[in-house]
Structure formats: C-alpha cells, structure tokens
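Colleague: Here's a structure for you.
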Amino acid sequence: MVKRLNNTRRSTRPRSTEAGNAFFIVLIGVVLFTALMFTFSRGAQQGGGNIANRRADLSATEILDYAAKYDRAVNRLLSRNCSESDLNFENSTITNSDNAAAPADGRCDVFAPNGGGVSFTPIPPQWLDDEHDDKDGYGLPIFGSDARMLDIGGNDATDQDLILWIGFVSADVCTAINKKLGVDPMPTFVDGPYAGLYYTGSFNDTWQAELSEPGLKAACARETNSDNAFTDTANAPSASQSIAGSYHFYHVLIAR
C-alpha cells in the first residue's frame with residue numbers, strides 16, 4: 001500500500017517582517033547615497049580650491065619670470081657700456097616711452113634685437129584683479145622713474161630707482177608671489193606706490209615708495225591708503241584715482 005505523502009504547507013514569514021526588511025534596505029541605501037554625495041561635494045570643493053591655488057602659483061611664477069627677463073636685459077645693456085640715461089624702453093604699445101637721448105642704432109633699447117632682446121608683452125589678465133580694470137596703469141608694465149624704494153639704494157630725495165611695476169595684481173596671486181620670495185607678512189604701502197611717469201632717460205625727484213617692510217628689492221604689497229595713486233605713462237599720480245584695497249608688484253631694476 002502506497003503511503004500518501006503529507007502535503008505540508010511551506011512556512012512563510014509574516015508580511016509585516018518583509019515590509020520592515022525592505023524599509024531597512026531602502027534606509028541603508030539613502031544613508032549610503034547621502035554619504036557618497038557629501039564626499040563627492042567635499043572633494044569637488046577641495047579640488048576647485050586646489051585648482052585656484054595652482055593657477056595663482058602659476059601666475060606668480062610667470063610674474064617673477066617676467067620681472068627677471070627685464071632685470072637681465074637691463075644688466076646686459078649696462079654691461080655693454082650703456083649708461084642709465086641711454087636706456088630706452090620705447091615700444092609701440094605705450095605712448096611717451098621714447099628716450100630721445102638713446103643711441104640711434106638701438107643698442108641700448110630694451111626691446112631691440114641688438115639691444116636687450118626682449119619682446120614687449122602686455123600683462124596677462126589672469127594675473128590681475130579686474131575690479132580695477134578702469135584704473136590708469138591697468139594691464140601694462142610700467143618702468144617708473146618717479147619713486148624710490150625705501151632702504152633700497154639711497155634714501156635721499158634724488159635717489160629715485162628704476163622700478164618695474166605691475167599694478168592691480170589679484171590678492172591670491174600677490175600672496176603666491178610673496179610666498180615664493182619668502183616675504184611674510186604681506187607688506188602694505190605706507191607711502192606710494194606712485195608708479196609715476198615712464199622712464200625716458202632721466203629720473204624725477206618726486207616721490208618715495210615706502211613699505212611697511214622696507215628693504216625689499218621685489219615684493220607684492222597691498223595699498224591701504226585712499227589718497228595714494230597708481231598711474232600710467234601719460235598721467236602724473238592723482239588722488240582722484242583711489243586704489244585702496246588693491247595689490248601691486250614691483251621689482252627694482254636699478255637701485256640708485
């Protein structure tokens with residue numbers, strides 16, 4: 001006689017338990033997704049900050065290289081028996097830059113192939129703070145002859161220096177420049193900067209550019225005074241051009 005198999009009903013969990021497990025799985029998924037998005041967002045913010053820092057660092061390197069090429073060119077010309085009064089920064093971009101007393105053959109011209117051999121280039125916008133793009137001197141190198149840097153060379157009224165100025169540098173680029181130069185803390189202008197008139201063979205016994213940290217041949221400094229000015233080649237410094245809060249790089253090419 002064949003024994004009949006018992007048809008036992010398969011054991012099942014209550015439906016409420018299944019719903020609870022599903023809810024728990026969804027909750028875990030939400031938590032993991034939230035953590036992932038937080039990590040991604042934080043990484044993106046840090047990455048953006050790192051990119052900005054790298055750009056500032058690159059611009060700082062470019063500015064220092066830019067200044068160094070003019071430093072080499074001026075010293076090259078002086079070593080070839082060009083006097084200070086022979087140096088000529090004439091170029092087709094900036095008016096009032098011609099030194100009429102310079103040798104006619106161009107051997108003392110900074111931008112001549114047989115002279116300093118430097119190609120004139122405007123200031124790249126990524127170095128600058130475009131908030132000041134309406135100011136005199138924005139976007140152009142200025143080879144100033146009106147100011148002396150305190151404790152660089154002599155400090156008499158007639159000891160004006162030949163200074164390369166790059167005005168209105170952005171704050172982060174300015175900080176990166178000083179870091180490379182080992183300048184800390186950030187200098188401020190006690191007097192100046194007064195980039196002044198373009199050098200055309202003579203110095204004007206006019207202004208003194210004084211920093212809170214004197215004795216620096218090159219640095220980037222912050223302007224804190226509302227009555228100081230930074231100018232281009234066509235205008236003398238004017239208090240009508242307020243530059244408070246702006247940053248300016250300088251490099252002394254000839255200390256006198």
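Scheme for the structure tokens: letters A, B, ... for chains in order shown; per-chain residue numbers from 1; ligand numbers from 1 in order shown.
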List every residue of region 77-184 of chain A that has an atom at most 8 Å from any atom of region 246-250 of chain A, giving for each one its closest atom pair and the distance in Å to one decimal, counting only C-alpha atoms, sorted by chain and then by ascending residue number, as CSV.
Modeller:
```
residue,atom,partner,partner_atom,distance
A:His132,CA,A:Ser246,CA,7.9
A:Ile163,CA,A:Tyr250,CA,6.6
A:Leu164,CA,A:Tyr250,CA,5.6
A:Trp165,CA,A:Tyr250,CA,4.5
A:Ile166,CA,A:Phe249,CA,5.1
A:Gly167,CA,A:His248,CA,4.5
A:Phe168,CA,A:Tyr247,CA,5.1
A:Val169,CA,A:Tyr247,CA,5.3
A:Ser170,CA,A:Tyr247,CA,6.6
A:Ala171,CA,A:Tyr247,CA,6.4
A:Cys174,CA,A:Tyr247,CA,6.8
```
Colleague: Restricting the output to all heavy atoms, write the selected residues as a PDB file, in the first residue's frame.
Modeller:
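Below is the file again_34.pdb, written as the result:
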```
ATOM      1  N   HIS A 132      39.632  96.501 -10.974  1.00  0.00           N
ATOM      2  CA  HIS A 132      40.320  97.781 -11.177  1.00  0.00           C
ATOM      3  C   HIS A 132      40.657  98.017 -12.650  1.00  0.00           C
ATOM      4  O   HIS A 132      41.578  98.790 -12.961  1.00  0.00           O
ATOM      5  CB  HIS A 132      41.607  97.811 -10.348  1.00  0.00           C
ATOM      6  CG  HIS A 132      41.389  97.662  -8.881  1.00  0.00           C
ATOM      7  ND1 HIS A 132      40.969  98.700  -8.072  1.00  0.00           N
ATOM      8  CD2 HIS A 132      41.505  96.589  -8.057  1.00  0.00           C
ATOM      9  CE1 HIS A 132      40.849  98.283  -6.824  1.00  0.00           C
ATOM     10  NE2 HIS A 132      41.164  97.010  -6.786  1.00  0.00           N
ATOM     11  N   ILE A 163      62.180 101.220 -11.543  1.00  0.00           N
ATOM     12  CA  ILE A 163      61.334 100.169 -10.976  1.00  0.00           C
ATOM     13  C   ILE A 163      60.349  99.654 -12.023  1.00  0.00           C
ATOM     14  O   ILE A 163      59.679 100.439 -12.703  1.00  0.00           O
ATOM     15  CB  ILE A 163      60.538 100.692  -9.766  1.00  0.00           C
ATOM     16  CG1 ILE A 163      61.486 101.261  -8.708  1.00  0.00           C
ATOM     17  CG2 ILE A 163      59.669  99.590  -9.161  1.00  0.00           C
ATOM     18  CD1 ILE A 163      60.767 101.955  -7.551  1.00  0.00           C
ATOM     19  N   LEU A 164      60.291  98.332 -12.143  1.00  0.00           N
ATOM     20  CA  LEU A 164      59.219  97.708 -12.914  1.00  0.00           C
ATOM     21  C   LEU A 164      58.014  97.537 -11.993  1.00  0.00           C
ATOM     22  O   LEU A 164      58.113  96.937 -10.924  1.00  0.00           O
ATOM     23  CB  LEU A 164      59.666  96.333 -13.432  1.00  0.00           C
ATOM     24  CG  LEU A 164      58.544  95.412 -13.939  1.00  0.00           C
ATOM     25  CD1 LEU A 164      57.860  96.009 -15.168  1.00  0.00           C
ATOM     26  CD2 LEU A 164      59.069  94.015 -14.241  1.00  0.00           C
ATOM     27  N   TRP A 165      56.883  98.084 -12.414  1.00  0.00           N
ATOM     28  CA  TRP A 165      55.638  97.963 -11.657  1.00  0.00           C
ATOM     29  C   TRP A 165      54.631  97.141 -12.448  1.00  0.00           C
ATOM     30  O   TRP A 165      54.478  97.342 -13.659  1.00  0.00           O
ATOM     31  CB  TRP A 165      55.018  99.333 -11.396  1.00  0.00           C
ATOM     32  CG  TRP A 165      55.798 100.250 -10.514  1.00  0.00           C
ATOM     33  CD1 TRP A 165      56.714 101.202 -10.910  1.00  0.00           C
ATOM     34  CD2 TRP A 165      55.723 100.344  -9.088  1.00  0.00           C
ATOM     35  NE1 TRP A 165      57.201 101.870  -9.819  1.00  0.00           N
ATOM     36  CE2 TRP A 165      56.627 101.360  -8.688  1.00  0.00           C
ATOM     37  CE3 TRP A 165      54.989  99.666  -8.123  1.00  0.00           C
ATOM     38  CZ2 TRP A 165      56.800 101.728  -7.355  1.00  0.00           C
ATOM     39  CZ3 TRP A 165      55.163 100.017  -6.788  1.00  0.00           C
ATOM     40  CH2 TRP A 165      56.059 101.038  -6.419  1.00  0.00           C
ATOM     41  N   ILE A 166      53.953  96.231 -11.779  1.00  0.00           N
ATOM     42  CA  ILE A 166      52.783  95.560 -12.338  1.00  0.00           C
ATOM     43  C   ILE A 166      51.643  95.827 -11.362  1.00  0.00           C
ATOM     44  O   ILE A 166      51.616  95.284 -10.255  1.00  0.00           O
ATOM     45  CB  ILE A 166      53.010  94.048 -12.517  1.00  0.00           C
ATOM     46  CG1 ILE A 166      54.171  93.807 -13.491  1.00  0.00           C
ATOM     47  CG2 ILE A 166      51.731  93.372 -13.036  1.00  0.00           C
ATOM     48  CD1 ILE A 166      54.527  92.340 -13.663  1.00  0.00           C
ATOM     49  N   GLY A 167      50.759  96.707 -11.771  1.00  0.00           N
ATOM     50  CA  GLY A 167      49.710  97.144 -10.864  1.00  0.00           C
ATOM     51  C   GLY A 167      48.477  96.259 -10.874  1.00  0.00           C
ATOM     52  O   GLY A 167      48.205  95.550 -11.846  1.00  0.00           O
ATOM     53  N   PHE A 168      47.745  96.300  -9.768  1.00  0.00           N
ATOM     54  CA  PHE A 168      46.430  95.671  -9.642  1.00  0.00           C
ATOM     55  C   PHE A 168      46.473  94.151  -9.803  1.00  0.00           C
ATOM     56  O   PHE A 168      45.605  93.541 -10.432  1.00  0.00           O
ATOM     57  CB  PHE A 168      45.446  96.306 -10.634  1.00  0.00           C
ATOM     58  CG  PHE A 168      45.433  97.800 -10.545  1.00  0.00           C
ATOM     59  CD1 PHE A 168      46.020  98.591 -11.522  1.00  0.00           C
ATOM     60  CD2 PHE A 168      44.864  98.424  -9.437  1.00  0.00           C
ATOM     61  CE1 PHE A 168      46.027  99.976 -11.425  1.00  0.00           C
ATOM     62  CE2 PHE A 168      44.865  99.812  -9.337  1.00  0.00           C
ATOM     63  CZ  PHE A 168      45.444 100.585 -10.328  1.00  0.00           C
ATOM     64  N   VAL A 169      47.508  93.560  -9.218  1.00  0.00           N
ATOM     65  CA  VAL A 169      47.608  92.102  -9.179  1.00  0.00           C
ATOM     66  C   VAL A 169      46.500  91.572  -8.258  1.00  0.00           C
ATOM     67  O   VAL A 169      46.129  92.223  -7.274  1.00  0.00           O
ATOM     68  CB  VAL A 169      48.996  91.687  -8.652  1.00  0.00           C
ATOM     69  CG1 VAL A 169      49.094  90.183  -8.454  1.00  0.00           C
ATOM     70  CG2 VAL A 169      50.089  92.177  -9.600  1.00  0.00           C
ATOM     71  N   SER A 170      45.966  90.404  -8.572  1.00  0.00           N
ATOM     72  CA  SER A 170      44.921  89.837  -7.719  1.00  0.00           C
ATOM     73  C   SER A 170      45.508  89.427  -6.374  1.00  0.00           C
ATOM     74  O   SER A 170      46.710  89.142  -6.259  1.00  0.00           O
ATOM     75  CB  SER A 170      44.261  88.631  -8.391  1.00  0.00           C
ATOM     76  OG  SER A 170      45.162  87.553  -8.481  1.00  0.00           O
ATOM     77  N   ALA A 171      44.667  89.385  -5.355  1.00  0.00           N
ATOM     78  CA  ALA A 171      45.129  89.127  -3.991  1.00  0.00           C
ATOM     79  C   ALA A 171      45.785  87.759  -3.850  1.00  0.00           C
ATOM     80  O   ALA A 171      46.833  87.618  -3.206  1.00  0.00           O
ATOM     81  CB  ALA A 171      43.959  89.247  -3.011  1.00  0.00           C
ATOM     82  N   CYS A 174      49.138  87.809  -5.541  1.00  0.00           N
ATOM     83  CA  CYS A 174      50.057  88.591  -4.711  1.00  0.00           C
ATOM     84  C   CYS A 174      50.592  87.748  -3.559  1.00  0.00           C
ATOM     85  O   CYS A 174      51.793  87.750  -3.272  1.00  0.00           O
ATOM     86  CB  CYS A 174      49.330  89.830  -4.182  1.00  0.00           C
ATOM     87  SG  CYS A 174      50.391  91.052  -3.386  1.00  0.00           S
TER      88      CYS A 174
END
```
Colleague: Residues within 10 Å of Ser85 (chain A), please, as a PyMOL selection string. Count only C-alpha atoms; anything in the same chain fewer than 4 positions from it doesn't count.
Modeller: chain A and resi 99-102+108+199-203
Colleague: Write out, as a PDB file, in the first residue's frame, the residues just selected, with N, CA, C and O atoms.
Modeller:
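See part03.pdb below for the written result:
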```pdb
ATOM      1  N   ASN A  99      62.965 107.410 -25.279  1.00  0.00           N
ATOM      2  CA  ASN A  99      64.108 108.155 -24.760  1.00  0.00           C
ATOM      3  C   ASN A  99      64.855 108.742 -25.944  1.00  0.00           C
ATOM      4  O   ASN A  99      65.604 108.044 -26.632  1.00  0.00           O
ATOM      5  N   ALA A 100      64.650 110.020 -26.187  1.00  0.00           N
ATOM      6  CA  ALA A 100      65.249 110.668 -27.353  1.00  0.00           C
ATOM      7  C   ALA A 100      66.769 110.706 -27.287  1.00  0.00           C
ATOM      8  O   ALA A 100      67.431 110.849 -28.321  1.00  0.00           O
ATOM      9  N   ALA A 101      67.340 110.560 -26.076  1.00  0.00           N
ATOM     10  CA  ALA A 101      68.792 110.631 -25.924  1.00  0.00           C
ATOM     11  C   ALA A 101      69.469 109.281 -26.129  1.00  0.00           C
ATOM     12  O   ALA A 101      70.704 109.188 -26.091  1.00  0.00           O
ATOM     13  N   ALA A 102      68.702 108.221 -26.345  1.00  0.00           N
ATOM     14  CA  ALA A 102      69.284 106.889 -26.519  1.00  0.00           C
ATOM     15  C   ALA A 102      70.029 106.805 -27.846  1.00  0.00           C
ATOM     16  O   ALA A 102      69.677 107.505 -28.817  1.00  0.00           O
ATOM     17  N   CYS A 108      70.985 100.261 -27.073  1.00  0.00           N
ATOM     18  CA  CYS A 108      70.609 100.435 -25.668  1.00  0.00           C
ATOM     19  C   CYS A 108      69.094 100.367 -25.463  1.00  0.00           C
ATOM     20  O   CYS A 108      68.591 100.715 -24.402  1.00  0.00           O
ATOM     21  N   TYR A 199      59.958 105.792 -17.640  1.00  0.00           N
ATOM     22  CA  TYR A 199      61.365 106.193 -17.707  1.00  0.00           C
ATOM     23  C   TYR A 199      61.748 106.527 -19.147  1.00  0.00           C
ATOM     24  O   TYR A 199      61.614 105.701 -20.049  1.00  0.00           O
ATOM     25  N   THR A 200      62.233 107.742 -19.345  1.00  0.00           N
ATOM     26  CA  THR A 200      62.660 108.163 -20.679  1.00  0.00           C
ATOM     27  C   THR A 200      64.072 108.741 -20.653  1.00  0.00           C
ATOM     28  O   THR A 200      64.405 109.639 -21.410  1.00  0.00           O
ATOM     29  N   GLY A 201      64.890 108.234 -19.739  1.00  0.00           N
ATOM     30  CA  GLY A 201      66.288 108.634 -19.704  1.00  0.00           C
ATOM     31  C   GLY A 201      66.674 109.476 -18.519  1.00  0.00           C
ATOM     32  O   GLY A 201      67.863 109.747 -18.312  1.00  0.00           O
ATOM     33  N   SER A 202      65.718 109.922 -17.732  1.00  0.00           N
ATOM     34  CA  SER A 202      66.037 110.726 -16.551  1.00  0.00           C
ATOM     35  C   SER A 202      65.078 110.374 -15.426  1.00  0.00           C
ATOM     36  O   SER A 202      64.004 109.808 -15.651  1.00  0.00           O
ATOM     37  N   PHE A 203      65.490 110.728 -14.211  1.00  0.00           N
ATOM     38  CA  PHE A 203      64.690 110.436 -13.028  1.00  0.00           C
ATOM     39  C   PHE A 203      64.061 111.713 -12.493  1.00  0.00           C
ATOM     40  O   PHE A 203      64.660 112.791 -12.575  1.00  0.00           O
TER      41      PHE A 203
END
```
Colleague: Which residues come within 8 Å of region 117-125 of chain A, counting only C-alpha atoms, excluding same-chain residues fewer than 2 positions away, as a ChimeraX atom specification?
Modeller: /A:69-70,73,91,110-115,127-130,139-141,166
Colleague: Have a look at CA of Cys220 (chain A) and CA of Ala157 (chain A) and let me know their distance in Å, one decimal.
Modeller: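 About the pair CA of Cys220 (chain A) and CA of Ala157 (chain A): they are 23.4 Å apart.
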Colleague: For Asp98 (chain A), list every protein, DNA or RNA residue within 7 Å, evaluated using only C-alpha atoms, and leave out those in the same chain fewer than 3 positions away; present the list as a PyMOL selection string.
Modeller: chain A and resi 88-90+200
Colleague: Write to file, as a PDB file, in the first residue's frame, the residues of the selection just made, with C-alpha atoms.
Modeller:
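Output saved as result.pdb:
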```
ATOM      1  CA  ASN A  88      65.292 103.153 -23.849  1.00  0.00           C
ATOM      2  CA  PHE A  89      62.002 101.342 -23.137  1.00  0.00           C
ATOM      3  CA  GLU A  90      60.277 102.650 -26.252  1.00  0.00           C
ATOM      4  CA  THR A 200      62.660 108.163 -20.679  1.00  0.00           C
TER       5      THR A 200
END
```
Colleague: I'd like the contact shell of Asn81 (chain A) - 12 Å cut-off, only C-alpha atoms, skipping same-chain residues fewer than 6 positions apart - returned as a list of chain:residue names.
Modeller: A:Val74, A:Asn75, A:Leu87, A:Pro103, A:Arg107, A:Cys108, A:Gly115
Colleague: I'd like to know which residues of region 44-244 of chain A are strand (DSSP E) (by DSSP, run on the backbone); could you write them as a list in words?
Modeller: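 Those residues are Ile142, Phe143, Gly144, Ala147, Arg148, Met149, Leu162, Ile163, Leu164, Trp165, Ile166, Gly167, Phe168, Val169, Thr188, Phe189, Val190, Asp191, Trp207, Gln208, Ala209, Glu210, Leu211, Ala218, Ala219, Cys220, Ala221, Arg222 and Glu223 of chain A.
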